[in-house]
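Chemist: Sharing data28.cif below, mmCIF, C-alpha atoms:
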data_input
#
loop_
_atom_site.label_atom_id
_atom_site.label_comp_id
_atom_site.auth_asym_id
_atom_site.auth_seq_id
_atom_site.Cartn_x
_atom_site.Cartn_y
_atom_site.Cartn_z
CA MET A 1 -114.00 48.15 61.15
CA ALA A 2 -115.67 44.89 60.19
CA LYS A 3 -113.96 41.93 61.72
CA PRO A 4 -112.01 40.03 59.05
CA LEU A 5 -112.07 36.26 58.76
CA ILE A 6 -109.00 34.17 59.45
CA GLN A 7 -108.23 31.37 57.01
CA LEU A 8 -105.96 28.52 58.07
CA ALA A 9 -104.02 27.23 55.04
CA LEU A 10 -103.17 23.53 55.34
CA ASP A 11 -100.29 22.74 53.04
CA SER A 12 -98.99 19.41 54.30
CA LEU A 13 -99.17 16.57 51.78
CA ASP A 14 -100.04 14.10 54.55
CA TYR A 15 -103.69 13.30 55.24
CA ASP A 16 -103.35 12.65 58.97
CA THR A 17 -101.12 15.67 59.59
CA THR A 18 -103.69 17.84 57.82
CA VAL A 19 -106.53 16.55 59.99
CA SER A 20 -104.43 16.91 63.16
CA LEU A 21 -103.55 20.53 62.39
CA ALA A 22 -107.20 21.34 61.73
CA LYS A 23 -108.14 19.72 65.04
CA VAL A 24 -105.78 21.80 67.14
CA ALA A 25 -106.26 25.14 65.36
CA HIS A 26 -109.86 25.19 64.08
CA ARG A 27 -111.35 26.93 67.09
CA TYR A 28 -109.34 30.08 66.37
CA VAL A 29 -110.10 30.36 62.66
CA ASP A 30 -113.15 30.91 60.44
CA ILE A 31 -112.08 29.16 57.25
CA ILE A 32 -110.14 25.92 56.85
CA GLU A 33 -108.23 25.88 53.57
CA ILE A 34 -107.14 22.68 51.90
CA GLY A 35 -104.03 23.86 50.02
CA THR A 36 -103.50 22.96 46.38
CA PRO A 37 -100.73 20.34 46.78
CA CYS A 38 -102.62 18.77 49.71
CA LEU A 39 -105.82 18.59 47.64
CA LYS A 40 -104.09 17.11 44.61
CA VAL A 41 -102.54 14.34 46.71
CA ASN A 42 -105.60 13.57 48.85
CA GLY A 43 -108.55 14.39 46.61
CA LEU A 44 -112.20 14.96 47.37
CA ALA A 45 -112.25 12.45 50.24
CA LEU A 46 -110.30 14.87 52.43
CA VAL A 47 -112.77 17.67 51.71
CA LYS A 48 -115.67 15.48 52.80
CA ASP A 49 -113.81 14.34 55.91
CA LEU A 50 -112.94 17.87 57.04
CA LYS A 51 -116.49 19.10 56.38
CA ALA A 52 -117.85 16.23 58.50
CA ARG A 53 -115.39 16.87 61.33
CA PHE A 54 -115.82 20.68 61.36
CA PRO A 55 -119.37 21.30 60.13
CA THR A 56 -119.52 24.89 61.43
CA LYS A 57 -116.34 25.97 59.64
CA LYS A 58 -116.20 27.21 56.08
CA ILE A 59 -114.03 24.95 53.91
CA LEU A 60 -111.99 26.59 51.13
CA VAL A 61 -110.67 24.21 48.50
CA ASP A 62 -107.71 25.86 46.79
CA LEU A 63 -108.34 24.29 43.38
CA LYS A 64 -106.56 27.09 41.46
CA THR A 65 -108.77 26.07 38.55
CA ALA A 66 -107.27 26.86 35.13
CA ASP A 67 -109.87 25.32 32.78
CA ALA A 68 -113.31 23.68 32.73
CA GLY A 69 -114.40 25.91 35.61
CA TYR A 70 -117.94 24.67 36.19
CA TYR A 71 -117.07 20.99 35.72
CA GLU A 72 -114.01 21.01 37.96
CA ALA A 73 -115.48 23.00 40.85
CA GLU A 74 -118.91 21.36 41.05
CA PRO A 75 -117.95 18.15 42.94
CA PHE A 76 -116.25 20.27 45.60
CA PHE A 77 -119.22 22.57 46.14
CA LYS A 78 -121.45 19.49 46.19
CA ALA A 79 -119.24 18.09 48.97
CA GLY A 80 -119.72 21.22 51.06
CA ALA A 81 -116.93 23.60 50.08
CA ALA A 82 -117.88 27.20 50.89
CA ILE A 83 -115.27 28.63 48.53
CA THR A 84 -113.12 27.33 45.68
CA THR A 85 -110.42 29.27 43.86
CA VAL A 86 -109.92 29.92 40.16
CA LEU A 87 -106.84 31.49 38.60
CA GLY A 88 -107.06 35.08 37.45
CA ALA A 89 -104.59 33.90 34.78
CA SER A 90 -107.26 31.64 33.29
CA ASP A 91 -109.74 32.44 30.53
CA LEU A 92 -112.61 34.70 31.68
CA ASP A 93 -115.03 31.95 30.64
CA THR A 94 -113.33 29.61 33.12
CA ILE A 95 -113.78 32.22 35.87
CA LYS A 96 -117.42 32.64 34.87
CA GLY A 97 -117.94 28.89 35.08
CA VAL A 98 -116.72 28.76 38.67
CA ILE A 99 -118.89 31.76 39.59
CA ALA A 100 -121.94 30.10 38.04
CA VAL A 101 -121.50 26.81 39.88
CA ALA A 102 -120.69 28.60 43.15
CA ASN A 103 -123.97 30.50 42.83
CA LYS A 104 -125.82 27.24 42.13
CA TYR A 105 -124.64 25.87 45.49
CA GLY A 106 -124.96 29.14 47.46
CA ALA A 107 -121.17 29.21 47.73
CA LYS A 108 -118.40 31.58 46.63
CA ALA A 109 -115.82 31.80 43.86
CA GLN A 110 -112.46 33.33 44.68
CA VAL A 111 -110.30 34.68 41.86
CA ASP A 112 -106.62 34.25 42.71
CA LEU A 113 -104.40 36.97 41.23
CA ILE A 114 -101.20 34.95 41.71
CA ASN A 115 -98.73 35.84 38.95
CA VAL A 116 -101.27 37.97 37.05
CA ALA A 117 -99.49 40.91 35.41
CA ASP A 118 -102.53 43.20 35.01
CA LYS A 119 -104.04 42.68 38.46
CA ALA A 120 -106.37 45.70 38.26
CA GLY A 121 -107.73 44.70 34.85
CA VAL A 122 -108.36 41.08 35.82
CA ALA A 123 -109.85 42.10 39.18
CA ARG A 124 -112.26 44.53 37.49
CA ALA A 125 -113.34 41.94 34.90
CA ALA A 126 -113.78 39.26 37.57
CA ALA A 127 -115.79 41.57 39.82
CA ALA A 128 -117.98 42.59 36.87
CA ALA A 129 -118.56 38.88 36.15
CA GLY A 130 -119.78 38.38 39.72
CA ALA A 131 -116.72 37.02 41.52
CA HIS A 132 -117.38 36.93 45.25
CA ILE A 133 -113.80 37.20 46.48
CA ILE A 134 -110.62 38.54 44.89
CA GLY A 135 -107.43 37.05 46.28
CA ILE A 136 -104.10 38.83 46.46
CA HIS A 137 -101.59 36.03 46.65
CA THR A 138 -97.81 36.01 46.73
CA GLY A 139 -96.98 32.39 45.95
CA ILE A 140 -94.56 30.15 47.80
CA ASP A 141 -92.00 30.36 44.98
CA GLN A 142 -92.39 34.16 44.96
CA GLN A 143 -92.00 34.40 48.76
CA ILE A 144 -88.75 32.47 48.44
CA ALA A 145 -87.66 35.16 45.95
CA GLY A 146 -88.41 37.84 48.58
CA GLN A 147 -91.82 39.12 47.46
CA THR A 148 -94.69 40.16 49.78
CA PRO A 149 -98.41 40.84 49.13
CA PHE A 150 -98.73 44.19 50.91
CA ALA A 151 -98.39 46.69 48.05
CA ASP A 152 -100.64 44.60 45.79
CA LEU A 153 -103.26 44.43 48.56
CA GLU A 154 -103.38 48.21 48.93
CA ALA A 155 -103.59 48.69 45.16
CA LEU A 156 -106.49 46.22 44.91
CA LEU A 157 -108.41 47.76 47.81
CA ALA A 158 -107.96 51.21 46.25
CA LEU A 159 -110.02 50.01 43.26
CA GLY A 160 -113.10 49.81 45.50
CA LEU A 161 -114.61 46.87 43.64
CA GLY A 162 -117.02 45.89 46.41
CA THR A 163 -115.97 42.23 46.53
CA GLU A 164 -114.46 40.52 49.53
CA VAL A 165 -110.66 40.70 49.46
CA SER A 166 -108.44 37.87 50.61
CA VAL A 167 -104.71 38.21 51.19
CA ALA A 168 -102.14 35.43 51.35
CA GLY A 169 -98.39 35.17 51.23
CA GLY A 170 -96.29 34.59 54.31
CA ILE A 171 -98.50 36.54 56.74
CA LYS A 172 -97.26 36.20 60.33
CA PRO A 173 -97.82 37.83 63.73
CA ALA A 174 -95.57 40.78 62.84
CA THR A 175 -97.55 41.65 59.70
CA VAL A 176 -101.12 40.61 60.45
CA ALA A 177 -102.24 43.96 61.92
CA GLN A 178 -101.01 45.73 58.77
CA VAL A 179 -103.30 43.72 56.47
CA VAL A 180 -106.28 44.05 58.82
CA LYS A 181 -105.86 47.84 58.93
CA ALA A 182 -105.41 47.97 55.15
CA GLY A 183 -108.92 46.49 54.91
CA ALA A 184 -108.53 42.85 53.88
CA THR A 185 -111.68 40.86 54.67
CA ILE A 186 -110.04 37.41 54.68
CA ILE A 187 -106.55 36.88 56.07
CA VAL A 188 -104.76 33.69 55.15
CA VAL A 189 -102.21 32.27 57.55
CA GLY A 190 -100.35 29.06 56.83
CA GLY A 191 -96.79 28.42 57.95
CA ALA A 192 -96.99 30.89 60.85
CA ILE A 193 -99.50 28.48 62.42
CA THR A 194 -98.76 25.08 60.90
CA GLY A 195 -94.99 25.47 61.18
CA ALA A 196 -95.11 26.72 64.78
CA LYS A 197 -93.86 24.61 67.66
CA ASP A 198 -97.35 24.97 69.19
CA PRO A 199 -99.84 25.46 66.31
CA SER A 200 -102.78 25.94 68.69
CA ALA A 201 -101.03 28.74 70.58
CA ALA A 202 -99.90 30.31 67.30
CA ALA A 203 -103.47 30.30 65.99
CA ALA A 204 -104.72 31.83 69.23
CA GLU A 205 -102.12 34.59 68.94
CA ILE A 206 -103.16 35.38 65.35
CA ARG A 207 -106.82 35.50 66.45
CA LYS A 208 -105.94 37.95 69.22
CA LEU A 209 -103.88 40.17 66.93
CA VAL A 210 -106.59 40.24 64.25
CA ASP A 211 -109.32 41.06 66.76
CA GLU A 212 -107.23 43.79 68.36
CA ALA A 213 -106.32 45.35 65.01
CA ALA A 214 -110.00 45.29 63.98
CA GLY A 215 -110.96 46.93 67.27
CA ALA A 216 -113.29 44.02 68.10
CA MET B 1 -91.08 11.61 10.11
CA ALA B 2 -90.64 10.44 13.68
CA LYS B 3 -93.69 8.67 14.94
CA PRO B 4 -95.55 10.89 17.42
CA LEU B 5 -96.90 9.58 20.70
CA ILE B 6 -100.61 9.38 21.36
CA GLN B 7 -101.83 10.56 24.74
CA LEU B 8 -105.23 9.45 26.03
CA ALA B 9 -106.76 12.19 28.21
CA LEU B 10 -109.03 10.79 30.90
CA ASP B 11 -111.39 13.52 32.06
CA SER B 12 -114.14 11.65 33.87
CA LEU B 13 -114.51 12.50 37.55
CA ASP B 14 -115.35 8.90 38.36
CA TYR B 15 -112.58 6.56 39.53
CA ASP B 16 -114.02 3.35 38.08
CA THR B 17 -114.95 4.93 34.74
CA THR B 18 -111.40 6.24 34.46
CA VAL B 19 -109.89 2.82 35.07
CA SER B 20 -112.35 1.19 32.65
CA LEU B 21 -111.53 3.62 29.84
CA ALA B 22 -107.81 3.05 30.37
CA LYS B 23 -108.39 -0.71 30.24
CA VAL B 24 -110.17 -0.68 26.89
CA ALA B 25 -107.99 1.93 25.15
CA HIS B 26 -104.47 1.61 26.60
CA ARG B 27 -103.17 -0.78 23.95
CA TYR B 28 -103.56 1.88 21.26
CA VAL B 29 -101.90 4.76 23.11
CA ASP B 30 -98.44 5.60 24.49
CA ILE B 31 -99.33 7.95 27.34
CA ILE B 32 -102.24 7.74 29.77
CA GLU B 33 -103.20 11.20 31.04
CA ILE B 34 -105.03 11.73 34.29
CA GLY B 35 -106.90 14.96 33.56
CA THR B 36 -106.88 17.82 36.04
CA PRO B 37 -110.47 17.53 37.36
CA CYS B 38 -110.08 13.74 37.60
CA LEU B 39 -106.83 14.11 39.55
CA LYS B 40 -108.26 16.70 41.93
CA VAL B 41 -111.21 14.46 42.78
CA ASN B 42 -109.30 11.17 43.04
CA GLY B 43 -105.83 12.19 44.19
CA LEU B 44 -102.53 10.35 44.17
CA ALA B 45 -104.15 6.95 44.79
CA LEU B 46 -105.45 6.89 41.21
CA VAL B 47 -101.97 7.64 39.84
CA LYS B 48 -100.52 4.71 41.76
CA ASP B 49 -103.34 2.42 40.68
CA LEU B 50 -102.99 3.25 36.96
CA LYS B 51 -99.20 2.88 37.12
CA ALA B 52 -99.61 -0.56 38.73
CA ARG B 53 -102.21 -1.66 36.17
CA PHE B 54 -100.33 -0.34 33.11
CA PRO B 55 -96.64 -0.48 34.05
CA THR B 56 -95.41 -0.17 30.46
CA LYS B 57 -97.38 3.00 29.73
CA LYS B 58 -96.18 6.50 30.51
CA ILE B 59 -98.48 8.25 32.98
CA LEU B 60 -99.00 12.00 32.59
CA VAL B 61 -100.50 13.75 35.60
CA ASP B 62 -102.08 17.00 34.43
CA LEU B 63 -101.35 18.93 37.61
CA LYS B 64 -101.38 22.34 35.89
CA THR B 65 -99.14 23.46 38.73
CA ALA B 66 -99.37 27.19 39.49
CA ASP B 67 -97.12 27.49 42.57
CA ALA B 68 -94.70 25.51 44.74
CA GLY B 69 -93.52 23.60 41.69
CA TYR B 70 -91.00 21.24 43.23
CA TYR B 71 -93.11 20.48 46.31
CA GLU B 72 -96.35 19.85 44.43
CA ALA B 73 -94.93 17.69 41.65
CA GLU B 74 -92.57 15.50 43.70
CA PRO B 75 -95.12 13.03 45.14
CA PHE B 76 -96.43 12.34 41.63
CA PHE B 77 -92.99 11.65 40.15
CA LYS B 78 -92.24 9.49 43.18
CA ALA B 79 -95.41 7.51 42.40
CA GLY B 80 -94.25 6.84 38.86
CA ALA B 81 -95.56 9.72 36.74
CA ALA B 82 -93.46 10.11 33.58
CA ILE B 83 -94.68 13.69 33.00
CA THR B 84 -96.44 16.37 35.04
CA THR B 85 -97.65 19.72 33.74
CA VAL B 86 -96.97 23.24 34.99
CA LEU B 87 -98.72 26.36 33.78
CA GLY B 88 -96.85 28.69 31.46
CA ALA B 89 -98.88 31.39 33.23
CA SER B 90 -97.06 30.65 36.49
CA ASP B 91 -93.90 32.26 37.83
CA LEU B 92 -90.73 31.09 36.03
CA ASP B 93 -89.42 29.89 39.40
CA THR B 94 -92.43 27.56 39.65
CA ILE B 95 -91.64 26.17 36.19
CA LYS B 96 -88.00 25.73 37.19
CA GLY B 97 -89.07 23.83 40.32
CA VAL B 98 -91.05 21.30 38.29
CA ILE B 99 -88.14 20.90 35.84
CA ALA B 100 -85.73 20.30 38.73
CA VAL B 101 -87.85 17.64 40.38
CA ALA B 102 -88.61 15.97 37.04
CA ASN B 103 -84.88 15.70 36.40
CA LYS B 104 -84.37 14.24 39.87
CA TYR B 105 -86.73 11.38 39.02
CA GLY B 106 -85.64 10.92 35.38
CA ALA B 107 -89.02 12.24 34.30
CA LYS B 108 -90.30 15.20 32.27
CA ALA B 109 -91.84 18.61 32.91
CA GLN B 110 -94.43 19.87 30.43
CA VAL B 111 -95.15 23.60 30.27
CA ASP B 112 -98.79 24.18 29.34
CA LEU B 113 -99.34 27.37 27.35
CA ILE B 114 -103.10 27.43 28.02
CA ASN B 115 -104.30 31.05 28.12
CA VAL B 116 -100.76 32.46 27.93
CA ALA B 117 -100.79 35.71 25.93
CA ASP B 118 -97.08 35.76 24.95
CA LYS B 119 -96.75 32.11 23.97
CA ALA B 120 -93.45 32.57 22.11
CA GLY B 121 -91.84 34.43 25.01
CA VAL B 122 -92.93 31.93 27.64
CA ALA B 123 -92.00 28.97 25.43
CA ARG B 124 -88.51 30.39 24.85
CA ALA B 125 -87.96 31.06 28.56
CA ALA B 126 -89.26 27.61 29.51
CA ALA B 127 -87.07 25.89 26.92
CA ALA B 128 -84.05 27.86 28.09
CA ALA B 129 -84.83 26.72 31.66
CA GLY B 130 -84.77 23.10 30.52
CA ALA B 131 -88.45 22.28 30.02
CA HIS B 132 -88.76 18.90 28.33
CA ILE B 133 -92.13 19.42 26.64
CA ILE B 134 -94.06 22.53 25.60
CA GLY B 135 -97.80 22.04 25.38
CA ILE B 136 -100.11 23.93 23.05
CA HIS B 137 -103.48 23.63 24.68
CA THR B 138 -106.86 25.05 23.78
CA GLY B 139 -108.85 24.57 26.97
CA ILE B 140 -112.32 23.10 27.30
CA ASP B 141 -113.85 26.51 27.99
CA GLN B 142 -112.00 27.92 24.95
CA GLN B 143 -113.14 25.04 22.72
CA ILE B 144 -116.72 25.81 23.71
CA ALA B 145 -116.03 29.37 22.53
CA GLY B 146 -114.93 28.00 19.14
CA GLN B 147 -111.13 28.09 19.43
CA THR B 148 -108.72 25.45 18.07
CA PRO B 149 -105.00 24.79 18.69
CA PHE B 150 -103.80 24.56 15.08
CA ALA B 151 -102.45 28.06 14.41
CA ASP B 152 -100.75 28.18 17.83
CA LEU B 153 -99.13 24.79 17.15
CA GLU B 154 -97.61 25.97 13.87
CA ALA B 155 -96.36 29.19 15.45
CA LEU B 156 -94.70 27.24 18.30
CA LEU B 157 -93.07 24.72 15.97
CA ALA B 158 -91.75 27.58 13.83
CA LEU B 159 -89.69 28.74 16.84
CA GLY B 160 -87.54 25.60 16.55
CA LEU B 161 -86.93 25.33 20.29
CA GLY B 162 -85.82 21.70 20.22
CA THR B 163 -88.24 20.54 22.94
CA GLU B 164 -90.94 17.97 22.46
CA VAL B 165 -94.24 19.61 21.48
CA SER B 166 -97.60 18.39 22.72
CA VAL B 167 -100.90 19.52 21.27
CA ALA B 168 -104.33 19.29 22.89
CA GLY B 169 -107.74 20.77 22.29
CA GLY B 170 -110.54 18.83 20.72
CA ILE B 171 -108.37 16.73 18.36
CA LYS B 172 -110.45 14.12 16.53
CA PRO B 173 -110.12 11.75 13.54
CA ALA B 174 -110.75 14.56 11.06
CA THR B 175 -107.91 16.73 12.42
CA VAL B 176 -105.32 14.28 13.70
CA ALA B 177 -103.34 13.97 10.43
CA GLN B 178 -103.00 17.76 10.31
CA VAL B 179 -101.22 17.95 13.69
CA VAL B 180 -98.99 14.97 12.89
CA LYS B 181 -97.90 16.58 9.63
CA ALA B 182 -97.35 19.92 11.34
CA GLY B 183 -94.77 18.14 13.51
CA ALA B 184 -96.31 17.67 16.96
CA THR B 185 -94.48 14.96 18.91
CA ILE B 186 -97.31 14.22 21.38
CA ILE B 187 -100.94 14.24 20.29
CA VAL B 188 -103.57 14.41 22.98
CA VAL B 189 -106.96 12.87 22.33
CA GLY B 190 -109.71 12.89 24.91
CA GLY B 191 -113.38 13.13 24.04
CA ALA B 192 -112.91 11.65 20.56
CA ILE B 193 -112.00 8.39 22.32
CA THR B 194 -113.64 8.56 25.75
CA GLY B 195 -116.90 9.98 24.40
CA ALA B 196 -117.15 7.47 21.54
CA LYS B 197 -119.75 4.73 21.53
CA ASP B 198 -116.87 2.24 21.27
CA PRO B 199 -113.78 3.82 22.90
CA SER B 200 -111.55 0.89 21.97
CA ALA B 201 -112.44 1.16 18.27
CA ALA B 202 -112.07 4.93 18.41
CA ALA B 203 -108.58 4.60 19.92
CA ALA B 204 -107.64 2.04 17.27
CA GLU B 205 -108.79 4.44 14.54
CA ILE B 206 -106.73 7.31 15.99
CA ARG B 207 -103.68 5.00 16.17
CA LYS B 208 -104.13 4.03 12.51
CA LEU B 209 -104.56 7.64 11.38
CA VAL B 210 -101.50 8.81 13.31
CA ASP B 211 -99.32 6.01 12.00
CA GLU B 212 -100.48 6.62 8.42
CA ALA B 213 -99.89 10.37 8.65
CA ALA B 214 -96.41 9.76 10.08
CA GLY B 215 -95.67 7.33 7.25
CA ALA B 216 -94.99 4.52 9.71
#
Would you write the structure of this file as structure tokens?

Modeler:
Amino acid sequence: MAKPLIQLALDSLDYDTTVSLAKVAHRYVDIIEIGTPCLKVNGLALVKDLKARFPTKKILVDLKTADAGYYEAEPFFKAGAAITTVLGASDLDTIKGVIAVANKYGAKAQVDLINVADKAGVARAAAAAGAHIIGIHTGIDQQIAGQTPFADLEALLALGLGTEVSVAGGIKPATVAQVVKAGATIIVVGGAITGAKDPSAAAAEIRKLVDEAAGA
Amino acid sequence: MAKPLIQLALDSLDYDTTVSLAKVAHRYVDIIEIGTPCLKVNGLALVKDLKARFPTKKILVDLKTADAGYYEAEPFFKAGAAITTVLGASDLDTIKGVIAVANKYGAKAQVDLINVADKAGVARAAAAAGAHIIGIHTGIDQQIAGQTPFADLEALLALGLGTEVSVAGGIKPATVAQVVKAGATIIVVGGAITGAKDPSAAAAEIRKLVDEAAGA
């Protein structure tokens, strides 16, 4: 089984807290994600700062773009983002714009299926348009209402679209092996690391569990 | 006819250009909108700066929130935003979160119907949840594909939901009277002002056309 990537989701609103968490946990993860609320508060400057501090890590900017795909994503790819996200709930032309500008910079567009009703239909259309990554994502507000991403992940993987598949939504040590074995290629962990008493130890544990589940 | 408000949409990515456009056009408009790409690049600092420079104007931050409604919107209301936007395509709990935090700060939540298939259903649910403003919005990528907001605006107004109604999507001098007469309470103008050779004169013209159409 190919070894999946671990993505650390940074969802603090505070600039310094975000940098501190990246400092202590980056060595155990492959992708550093600047979460949407964090990005909206701190802007492009934070993206540039994290890229400069962690040049070997992939930076994902969780733009959740909903319009003007090419225009909105370009400054972030220019600043070194490896991946930005676009909503599956947006117009297909918006998704195509993010794919086009990602390709221009040798980067990747991730289509986030959060709150999309017809996940299979949108995933197929996005994959056909050249999306690099499809993201199964149970949002924060949906997690609070008791939802999980596991069934949606299996349904997406069963489509066999050939894209990378990212999964996010409250993944923790008890559930990480399940999503690795299901076949996710990118596993997003946020609160289970950033909310831990010792975020570095929590990240190390996730790394160990992912590697074990992948048989690495 | 009640006099509608004019909202100036600032969609440059550049901080100084954004401030300059606000300086020359603010006297003719009621609401200064920080557009989504502009906000994502420049962050909360720009919101604070515009609020300090134009304390008598309402500031709309076009967050297009898609998750974690309360958490994401709160720092912007705290900084003085009068309105933030949340996607009609998001989970109803996300919409409710933005409404709750808007109410906490004596501000307003606008539900943006961009790319929502069942506009009437989402508008009814949002209004029932206490949304202050419903936004009809033909996105940039949809305008490029030839779409306009006029039919959707009339269909929304026909529902008689009792909320304020905002309309956006390529509105210009030739079409502004039409949306005033239809009954929109907030009229968003972007490129027709910011892309004009003389943005101040263009804003003055829009003001005159709106006031004439409203019989003010």

Chemist: Return the single residue from B:Asp118, B:Asp91, B:Asp30, B:Glu154 that is closest to Gly69 of chain B, with distances computed using all atoms listed in the file.

Modeler: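 Ranked by minimum distance to Gly69 of chain B, first place goes to B:Asp91.
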
Chemist: Which polymer residues, protein or nucleic acid, are no farther than 12 Å from (-97.6, 25.7, 29.1), counting only C-alpha atoms, as a PyMOL selection string?

Modeler: (chain A and resi 66) or (chain B and resi 62-66+84-92+94-95+109-127+131-139+152+156+165-168)

Chemist: Expressed in Å to a single decimal, how great is the separation between atom CA of Asn103 of chain B and atom CA of Lys3 of chain B?

Modeler: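 Taking atom CA of Asn103 of chain B and atom CA of Lys3 of chain B, their separation equals 24.2 Å.
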
Chemist: Using all atoms listed in the file, pick whichever of A:Ile31, A:Leu39, A:Val24, A:Ala45 has the shortest atom-to-atom distance to Ser12 of chain A.

Modeler: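 Nearest candidate to Ser12 of chain A out of A:Ile31, A:Leu39, A:Val24, A:Ala45: A:Leu39.
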
Chemist: Identify the residues around (-105.3, 2.0, 32.6) within a radius of 12 Å, measuring from all atoms listed in the file in the coordinates stated by the file, and give them as a PyMOL selection string.

Modeler: chain B and resi 8-10+15-34+46-60

Chemist: Okay, now the selection with C-alpha atoms, as a short mmCIF file (atom, residue, chain, number, x, y, z; two decimals), keeping the file's coordinate frame?

Modeler:
data_model
loop_
_atom_site.label_atom_id
_atom_site.label_comp_id
_atom_site.auth_asym_id
_atom_site.auth_seq_id
_atom_site.Cartn_x
_atom_site.Cartn_y
_atom_site.Cartn_z
CA LEU B 8 -105.23 9.45 26.03
CA ALA B 9 -106.76 12.19 28.21
CA LEU B 10 -109.03 10.79 30.90
CA TYR B 15 -112.58 6.56 39.53
CA ASP B 16 -114.02 3.35 38.08
CA THR B 17 -114.95 4.93 34.74
CA THR B 18 -111.40 6.24 34.46
CA VAL B 19 -109.89 2.82 35.07
CA SER B 20 -112.35 1.19 32.65
CA LEU B 21 -111.53 3.62 29.84
CA ALA B 22 -107.81 3.05 30.37
CA LYS B 23 -108.39 -0.71 30.24
CA VAL B 24 -110.17 -0.68 26.89
CA ALA B 25 -107.99 1.93 25.15
CA HIS B 26 -104.47 1.61 26.60
CA ARG B 27 -103.17 -0.78 23.95
CA TYR B 28 -103.56 1.88 21.26
CA VAL B 29 -101.90 4.76 23.11
CA ASP B 30 -98.44 5.60 24.49
CA ILE B 31 -99.33 7.95 27.34
CA ILE B 32 -102.24 7.74 29.77
CA GLU B 33 -103.20 11.20 31.04
CA ILE B 34 -105.03 11.73 34.29
CA LEU B 46 -105.45 6.89 41.21
CA VAL B 47 -101.97 7.64 39.84
CA LYS B 48 -100.52 4.71 41.76
CA ASP B 49 -103.34 2.42 40.68
CA LEU B 50 -102.99 3.25 36.96
CA LYS B 51 -99.20 2.88 37.12
CA ALA B 52 -99.61 -0.56 38.73
CA ARG B 53 -102.21 -1.66 36.17
CA PHE B 54 -100.33 -0.34 33.11
CA PRO B 55 -96.64 -0.48 34.05
CA THR B 56 -95.41 -0.17 30.46
CA LYS B 57 -97.38 3.00 29.73
CA LYS B 58 -96.18 6.50 30.51
CA ILE B 59 -98.48 8.25 32.98
CA LEU B 60 -99.00 12.00 32.59
#

Chemist: Enumerate, as a ChimeraX atom specification, the residues matched when the PyMOL selection byres ((chain A and resi 43) around 7) is run on the file above.

Modeler: /A:39-42,44-46 /B:40-43

Chemist: Could you write segment 15-26 of chain B as an mmCIF file, in the frame of the given file, with N, CA and C atoms rebuilt where they are missing?

Modeler:
data_model
loop_
_atom_site.group_PDB
_atom_site.id
_atom_site.type_symbol
_atom_site.label_atom_id
_atom_site.label_comp_id
_atom_site.auth_asym_id
_atom_site.auth_seq_id
_atom_site.Cartn_x
_atom_site.Cartn_y
_atom_site.Cartn_z
ATOM 1 N N TYR B 15 -113.757 7.431 39.429
ATOM 2 C CA TYR B 15 -112.580 6.560 39.530
ATOM 3 C C TYR B 15 -112.744 5.315 38.643
ATOM 4 N N ASP B 16 -113.859 4.613 38.794
ATOM 5 C CA ASP B 16 -114.020 3.350 38.080
ATOM 6 C C ASP B 16 -114.157 3.557 36.564
ATOM 7 N N THR B 17 -114.839 4.624 36.170
ATOM 8 C CA THR B 17 -114.950 4.930 34.740
ATOM 9 C C THR B 17 -113.574 5.209 34.149
ATOM 10 N N THR B 18 -112.753 5.914 34.918
ATOM 11 C CA THR B 18 -111.400 6.240 34.460
ATOM 12 C C THR B 18 -110.580 4.977 34.236
ATOM 13 N N VAL B 19 -110.634 4.080 35.196
ATOM 14 C CA VAL B 19 -109.890 2.820 35.070
ATOM 15 C C VAL B 19 -110.428 1.999 33.897
ATOM 16 N N SER B 20 -111.746 1.958 33.741
ATOM 17 C CA SER B 20 -112.350 1.190 32.650
ATOM 18 C C SER B 20 -111.934 1.704 31.290
ATOM 19 N N LEU B 21 -111.927 3.037 31.132
ATOM 20 C CA LEU B 21 -111.530 3.620 29.840
ATOM 21 C C LEU B 21 -110.058 3.306 29.551
ATOM 22 N N ALA B 22 -109.227 3.384 30.570
ATOM 23 C CA ALA B 22 -107.810 3.050 30.370
ATOM 24 C C ALA B 22 -107.676 1.587 29.952
ATOM 25 N N LYS B 23 -108.462 0.719 30.570
ATOM 26 C CA LYS B 23 -108.390 -0.710 30.240
ATOM 27 C C LYS B 23 -108.706 -0.980 28.771
ATOM 28 N N VAL B 24 -109.762 -0.361 28.263
ATOM 29 C CA VAL B 24 -110.170 -0.680 26.890
ATOM 30 C C VAL B 24 -109.327 0.024 25.829
ATOM 31 N N ALA B 25 -108.687 1.147 26.191
ATOM 32 C CA ALA B 25 -107.990 1.930 25.150
ATOM 33 C C ALA B 25 -106.472 1.916 25.256
ATOM 34 N N HIS B 26 -105.909 1.414 26.365
ATOM 35 C CA HIS B 26 -104.470 1.610 26.600
ATOM 36 C C HIS B 26 -103.600 0.988 25.505
#
